[in-house]
$ cat data-v7.pdb   # PDB, C-alpha atoms
ATOM      1  CA  MET M  29      61.512 -48.968  56.033
ATOM      2  CA  SER M  30      62.025 -52.465  54.704
ATOM      3  CA  MET M  31      65.366 -53.744  53.560
ATOM      4  CA  PRO M  32      66.061 -53.981  49.807
ATOM      5  CA  VAL M  33      65.776 -57.198  47.820
ATOM      6  CA  ILE M  34      69.039 -59.124  47.867
ATOM      7  CA  GLY M  35      70.147 -61.110  44.828
ATOM      8  CA  LEU M  36      70.972 -64.778  45.063
ATOM      9  CA  SER M  37      74.698 -64.113  44.772
ATOM     10  CA  ALA M  38      74.528 -61.852  47.842
ATOM     11  CA  ALA M  39      72.740 -64.530  49.785
ATOM     12  CA  ILE M  40      75.529 -67.000  49.196
ATOM     13  CA  GLY M  41      78.224 -64.468  50.108
ATOM     14  CA  ALA M  42      79.465 -63.720  46.608
ATOM     15  CA  THR M  43      79.076 -59.956  46.802
ATOM     16  CA  ALA M  44      82.189 -57.779  46.623
ATOM     17  CA  VAL M  45      83.299 -55.962  49.763
ATOM     18  CA  PHE M  46      82.098 -52.645  48.368
ATOM     19  CA  ALA M  47      78.890 -53.798  46.673
ATOM     20  CA  LEU M  48      76.886 -52.112  49.425
ATOM     21  CA  LEU M  49      73.343 -50.804  49.368
ATOM     22  CA  GLY M  50      72.380 -47.165  48.973
ATOM     23  CA  GLY M  51      74.766 -44.682  50.584
ATOM     24  CA  CYS M  52      77.578 -47.185  50.989
ATOM     25  CA  SER M  53      77.367 -48.192  47.356
ATOM     26  CA  SER M  54      79.926 -49.610  44.960
ATOM     27  CA  ARG M  55      81.510 -46.137  44.752
ATOM     28  CA  GLU M  56      83.607 -47.390  47.694
ATOM     29  CA  ALA M  57      85.700 -49.389  45.237
ATOM     30  CA  SER M  58      86.803 -46.233  43.447
ATOM     31  CA  ALA M  59      88.075 -44.272  46.432
ATOM     32  CA  PRO M  60      90.295 -41.346  45.412
ATOM     33  CA  ALA M  61      94.043 -41.068  45.627
ATOM     34  CA  ALA M  62      95.805 -40.573  48.937
ATOM     35  CA  ALA M  63      95.973 -37.244  50.748
ATOM     36  CA  PRO M  64      98.773 -35.743  52.810
ATOM     37  CA  ALA M  65      98.592 -35.880  56.591
ATOM     38  CA  THR M  66      97.127 -32.680  58.002
ATOM     39  CA  THR M  67      96.751 -30.598  61.093
ATOM     40  CA  ALA M  68      94.890 -32.907  63.476
ATOM     41  CA  ALA M  69      97.308 -34.195  66.084
ATOM     42  CA  ALA M  70      96.994 -36.969  68.619
ATOM     43  CA  SER M  71      96.912 -35.903  72.243
ATOM     44  CA  PRO M  72     100.167 -36.602  74.120
ATOM     45  CA  GLY M  73      99.775 -39.955  75.822
ATOM     46  CA  GLY M  74      96.428 -40.527  74.108
ATOM     47  CA  PRO M  75      95.419 -43.120  71.514
ATOM     48  CA  ARG M  76      97.425 -43.073  68.298
ATOM     49  CA  ALA M  77      95.543 -43.010  64.999
ATOM     50  CA  ASP M  78      97.514 -45.347  62.738
ATOM     51  CA  ALA M  79      94.743 -46.355  60.327
ATOM     52  CA  SER M  80      93.372 -43.716  57.963
ATOM     53  CA  ILE M  81      89.676 -42.921  57.606
ATOM     54  CA  LEU M  82      89.738 -44.764  54.275
ATOM     55  CA  ASP M  83      91.214 -47.796  56.042
ATOM     56  CA  LEU M  84      88.370 -47.760  58.570
ATOM     57  CA  MET M  85      85.785 -47.267  55.850
ATOM     58  CA  LEU M  86      87.061 -50.379  54.081
ATOM     59  CA  ASP M  87      87.083 -52.476  57.230
ATOM     60  CA  PRO M  88      85.323 -52.623  59.599
ATOM     61  CA  ILE M  89      82.726 -50.033  58.558
ATOM     62  CA  ALA M  90      81.881 -51.081  54.988
ATOM     63  CA  SER M  91      82.353 -54.799  55.604
ATOM     64  CA  ASN M  92      80.259 -54.778  58.786
ATOM     65  CA  ALA M  93      77.528 -52.666  57.203
ATOM     66  CA  GLU M  94      77.312 -55.029  54.242
ATOM     67  CA  THR M  95      76.893 -58.020  56.547
ATOM     68  CA  LEU M  96      74.217 -56.216  58.556
ATOM     69  CA  TRP M  97      72.250 -55.169  55.463
ATOM     70  CA  ASN M  98      72.460 -58.591  53.861
ATOM     71  CA  ALA M  99      71.273 -60.410  56.994
ATOM     72  CA  VAL M 100      67.657 -59.299  56.481
ATOM     73  CA  GLY M 101      65.806 -58.973  53.202
ATOM     74  CA  THR M 102      64.362 -60.961  50.349
ATOM     75  CA  VAL M 103      66.447 -63.267  48.165
ATOM     76  CA  SER M 104      65.546 -63.798  44.534
ATOM     77  CA  THR M 105      66.035 -67.421  43.500
ATOM     78  CA  THR M 106      65.338 -69.487  40.407
ATOM     79  CA  THR M 107      62.137 -70.750  42.045
ATOM     80  CA  GLY M 108      60.808 -67.481  43.440
ATOM     81  CA  SER M 109      61.757 -65.428  46.474
ATOM     82  CA  LYS M 110      62.656 -66.125  50.074
ATOM     83  CA  ASP M 111      62.709 -63.876  53.139
ATOM     84  CA  LEU M 112      65.979 -63.752  55.059
ATOM     85  CA  ALA M 113      66.488 -63.005  58.757
ATOM     86  CA  PRO M 114      68.600 -64.377  61.594
ATOM     87  CA  SER M 115      66.770 -67.190  63.370
ATOM     88  CA  THR M 116      69.192 -68.923  65.732
ATOM     89  CA  ASP M 117      71.023 -67.509  68.738
ATOM     90  CA  ALA M 118      74.304 -67.923  66.852
ATOM     91  CA  GLU M 119      73.020 -65.960  63.853
ATOM     92  CA  TRP M 120      71.740 -63.122  66.031
ATOM     93  CA  ALA M 121      75.032 -63.096  67.957
ATOM     94  CA  ALA M 122      76.966 -62.838  64.686
ATOM     95  CA  VAL M 123      75.089 -59.756  63.478
ATOM     96  CA  ARG M 124      75.259 -58.214  66.954
ATOM     97  CA  LEU M 125      79.042 -58.476  66.818
ATOM     98  CA  LYS M 126      79.043 -56.636  63.484
ATOM     99  CA  ALA M 127      76.757 -53.903  64.856
ATOM    100  CA  THR M 128      78.871 -53.319  67.966
ATOM    101  CA  GLY M 129      81.974 -53.266  65.789
ATOM    102  CA  LEU M 130      80.343 -50.591  63.657
ATOM    103  CA  MET M 131      79.627 -48.529  66.772
ATOM    104  CA  GLU M 132      83.231 -48.769  67.937
ATOM    105  CA  ALA M 133      84.501 -47.817  64.480
ATOM    106  CA  ALA M 134      82.353 -44.679  64.579
ATOM    107  CA  ASP M 135      84.313 -43.539  67.635
ATOM    108  CA  LEU M 136      87.590 -44.357  65.895
ATOM    109  CA  LEU M 137      86.715 -42.014  63.009
ATOM    110  CA  VAL M 138      87.089 -38.990  65.293
ATOM    111  CA  THR M 139      90.246 -40.075  67.110
ATOM    112  CA  PRO M 140      92.603 -37.044  67.170
ATOM    113  CA  GLY M 141      95.227 -37.356  64.459
ATOM    114  CA  ARG M 142      93.106 -39.516  62.146
ATOM    115  CA  VAL M 143      93.663 -38.473  58.515
ATOM    116  CA  VAL M 144      91.534 -39.278  55.492
ATOM    117  CA  ALA M 145      94.429 -41.037  53.754
ATOM    118  CA  HIS M 146      98.147 -41.498  54.335
ATOM    119  CA  PRO M 147     100.606 -39.846  51.911
ATOM    120  CA  ASP M 148     101.780 -43.230  50.605
ATOM    121  CA  GLN M 149      98.389 -44.956  50.661
ATOM    122  CA  LYS M 150      97.809 -46.934  47.475
ATOM    123  CA  LEU M 151      94.246 -46.968  46.193
ATOM    124  CA  LYS M 152      92.705 -48.704  43.240
ATOM    125  CA  ASP M 153      91.076 -45.921  41.209
ATOM    126  CA  PRO M 154      91.244 -42.131  40.830
ATOM    127  CA  PRO M 155      88.352 -39.922  41.968
ATOM    128  CA  GLY M 156      85.158 -40.192  39.935
ATOM    129  CA  ALA M 157      83.114 -37.324  38.519
ATOM    130  CA  GLY M 158      82.152 -34.974  41.341
ATOM    131  CA  ASP M 159      84.300 -36.770  43.941
ATOM    132  CA  LEU M 160      86.526 -34.924  46.365
ATOM    133  CA  THR M 161      90.159 -35.929  46.611
ATOM    134  CA  PRO M 162      91.244 -37.056  50.083
ATOM    135  CA  ALA M 163      93.026 -33.709  50.485
ATOM    136  CA  GLN M 164      89.777 -31.881  49.733
ATOM    137  CA  ALA M 165      87.829 -34.171  52.055
ATOM    138  CA  GLN M 166      90.405 -33.570  54.778
ATOM    139  CA  ALA M 167      90.027 -29.819  54.329
ATOM    140  CA  ALA M 168      86.243 -30.105  54.603
ATOM    141  CA  ILE M 169      86.576 -32.076  57.828
ATOM    142  CA  GLU M 170      89.091 -29.644  59.293
ATOM    143  CA  LYS M 171      86.837 -26.711  58.421
ATOM    144  CA  ASP M 172      84.029 -28.050  60.618
ATOM    145  CA  ARG M 173      85.102 -30.933  62.845
ATOM    146  CA  ALA M 174      81.887 -30.672  64.843
ATOM    147  CA  ALA M 175      79.884 -31.556  61.740
ATOM    148  CA  PHE M 176      82.083 -34.573  61.020
ATOM    149  CA  ALA M 177      81.768 -35.668  64.646
ATOM    150  CA  GLY M 178      78.004 -35.368  64.237
ATOM    151  CA  PHE M 179      78.045 -37.792  61.316
ATOM    152  CA  ALA M 180      80.177 -40.208  63.353
ATOM    153  CA  ALA M 181      77.711 -39.934  66.237
ATOM    154  CA  ALA M 182      74.813 -40.634  63.863
ATOM    155  CA  LEU M 183      76.645 -43.720  62.584
ATOM    156  CA  LYS M 184      77.102 -44.938  66.140
ATOM    157  CA  ALA M 185      73.438 -44.277  66.948
ATOM    158  CA  ALA M 186      72.333 -46.265  63.901
ATOM    159  CA  GLY M 187      74.505 -49.153  65.036
ATOM    160  CA  GLY M 188      73.020 -48.853  68.505
ATOM    161  CA  ALA M 189      69.492 -49.056  67.085
ATOM    162  CA  MET M 190      70.474 -52.254  65.304
ATOM    163  CA  VAL M 191      71.861 -53.709  68.546
ATOM    164  CA  ALA M 192      68.616 -52.853  70.348
ATOM    165  CA  ALA M 193      66.593 -54.566  67.610
ATOM    166  CA  ILE M 194      68.882 -57.582  67.680
ATOM    167  CA  ASP M 195      68.523 -57.946  71.451
ATOM    168  CA  LYS M 196      64.731 -57.963  71.034
ATOM    169  CA  ARG M 197      64.902 -60.313  68.030
ATOM    170  CA  ASP M 198      62.769 -57.683  66.261
ATOM    171  CA  VAL M 199      63.246 -58.124  62.513
ATOM    172  CA  GLU M 200      61.073 -55.123  61.576
ATOM    173  CA  ALA M 201      62.986 -52.796  63.909
ATOM    174  CA  TYR M 202      66.252 -54.233  62.586
ATOM    175  CA  SER M 203      65.139 -53.498  59.030
ATOM    176  CA  THR M 204      64.186 -49.943  59.965
ATOM    177  CA  ALA M 205      67.542 -49.389  61.680
ATOM    178  CA  GLY M 206      69.273 -50.728  58.570
ATOM    179  CA  GLY M 207      67.478 -48.112  56.492
ATOM    180  CA  THR M 208      68.609 -45.411  58.911
ATOM    181  CA  LEU M 209      72.178 -46.662  58.638
ATOM    182  CA  ASP M 210      71.943 -46.382  54.857
ATOM    183  CA  GLU M 211      70.690 -42.786  55.116
ATOM    184  CA  VAL M 212      73.475 -41.832  57.541
ATOM    185  CA  CYS M 213      76.118 -43.261  55.215
ATOM    186  CA  GLU M 214      74.680 -41.460  52.199
ATOM    187  CA  ALA M 215      74.462 -38.105  54.006
ATOM    188  CA  CYS M 216      78.090 -38.289  55.128
ATOM    189  CA  HIS M 217      79.354 -39.447  51.731
ATOM    190  CA  THR M 218      77.421 -36.699  49.971
ATOM    191  CA  ARG M 219      79.206 -34.101  52.081
ATOM    192  CA  TYR M 220      82.734 -35.491  52.230
ATOM    193  CA  TRP M 221      83.089 -37.808  49.239
ATOM    194  CA  TYR M 222      80.903 -36.991  46.224
ATOM    195  CA  PRO M 223      79.172 -33.638  46.873
ATOM    196  CA  ASN M 224      79.275 -32.743  43.176
ATOM    197  CA  ALA M 225      78.492 -36.135  41.688
ATOM    198  CA  PRO M 226      75.993 -36.153  38.799
ATOM    199  CA  LYS M 227      72.449 -36.868  39.937
ATOM    200  CA  PRO M 228      70.613 -39.876  38.517
ATOM    201  CA  PRO M 229      67.814 -39.026  36.068
ATOM    202  CA  GLY M 230      64.647 -37.905  37.814
ATOM    203  CA  GLU M 231      66.343 -36.667  41.004
TER     204      GLU M 231
END

$ encode --input "data-v7.pdb" --output "structure tokens"
Amino acid sequence: MSMPVIGLSAAIGATAVFALLGGCSSREASAPAAAPATTAAASPGGPRADASILDLMLDPIASNAETLWNAVGTVSTTTGSKDLAPSTDAEWAAVRLKATGLMEAADLLVTPGRVVAHPDQKLKDPPGAGDLTPAQAQAAIEKDRAAFAGFAAALKAAGGAMVAAIDKRDVEAYSTAGGTLDEVCEACHTRYWYPNAPKPPGE
């Protein structure tokens, strides 16, 4: 799967943090209102989950994914189009850092005690049509934690595929892994964020 065409503004870094492709789309900017803390509890003496899932989705997950997607593709310019891909060791190292950060964040999502949103968490917009509230999303996660852990594992695997492609300097494999990452994001969001969202015409 090839990466989508990237507009000129994206190429020069003018995209918004949540203007992501596919599954991690601009719906990120309208995350629902905060949910109460729930039943998951941190293990005594274990890692403490201070950031909420929404915090992690904002950064590093969404921000890293955006950088990874935008690193390879085709830029539309006033004179035509141009293919983008890392070419120097420094550029490959930069995207590798984002991919490994994404993998680590996937593990953080399932840290015991991690809640979807804190009770006092301030968010920009209310839920959209068909969106779950954080409380509803939390309930869905608590109902089947194994399923949520599976999505986190798939996110980590997608990041790992990108690292493998980066280490081989394989642009085609990188592009394919980026498509897989998009599909993983969309599948998770469809279950825990907007399961009842209106479908676009023709779907």

$ closest_atom_pairs --input "data-v7.pdb" --of "region 96-186 of chain M" --to "region 190-210 of chain M" --cutoff "7 Å" --atoms "all atoms listed in the file" --output "tab-separated table"
residue	atom	partner	partner_atom	distance
M:Trp97	CA	M:Gly206	CA	6.2
M:Val100	CA	M:Ser203	CA	6.8
M:Ala113	CA	M:Val199	CA	7.0
M:Trp120	CA	M:Ile194	CA	6.4
M:Arg124	CA	M:Val191	CA	5.9
M:Ala127	CA	M:Val191	CA	6.1
M:Leu183	CA	M:Leu209	CA	6.6
M:Ala186	CA	M:Leu209	CA	5.3

$ atom_distance --input "data-v7.pdb" --atom1 "CA of Ala77 (chain M)" --atom2 "CA of Leu136 (chain M)"
8.1 Å

$ resolve_selection --input "data-v7.pdb" --expression "the PyMOL selection byres ((chain M and resi 99) around 8)" --output "number ranges by chain"
M: 95-98, 100-101, 112-114, 123

$ write_last_selection --input "data-v7.pdb" --atoms "C-alpha atoms" --output "compact mmCIF listing (two decimals), keeping the file's coordinate frame"
# COMPACT_ATOMS: atom_id res chain seq x y z
CA THR M 95 76.89 -58.02 56.55
CA LEU M 96 74.22 -56.22 58.56
CA TRP M 97 72.25 -55.17 55.46
CA ASN M 98 72.46 -58.59 53.86
CA VAL M 100 67.66 -59.30 56.48
CA GLY M 101 65.81 -58.97 53.20
CA LEU M 112 65.98 -63.75 55.06
CA ALA M 113 66.49 -63.00 58.76
CA PRO M 114 68.60 -64.38 61.59
CA VAL M 123 75.09 -59.76 63.48

$ atom_distance --input "data-v7.pdb" --atom1 "CA of Val143 (chain M)" --atom2 "CA of Arg76 (chain M)"
11.4 Å

$ resolve_selection --input "data-v7.pdb" --expression "the PyMOL selection byres ((chain M and resi 221) around 7)" --output "list in words"
Asp159, Leu160, Ala165, His217, Thr218, Arg219, Tyr220, Tyr222 and Pro223 of chain M

$ atom_distance --input "data-v7.pdb" --atom1 "CA of Gly158 (chain M)" --atom2 "CA of Asn224 (chain M)"
4.1 Å

$ closest_residue --input "data-v7.pdb" --among "M:Phe179, M:Asp135, M:Gln166, M:Pro147" --to "Glu214 (chain M)" --atoms "all atoms listed in the file"
M:Phe179
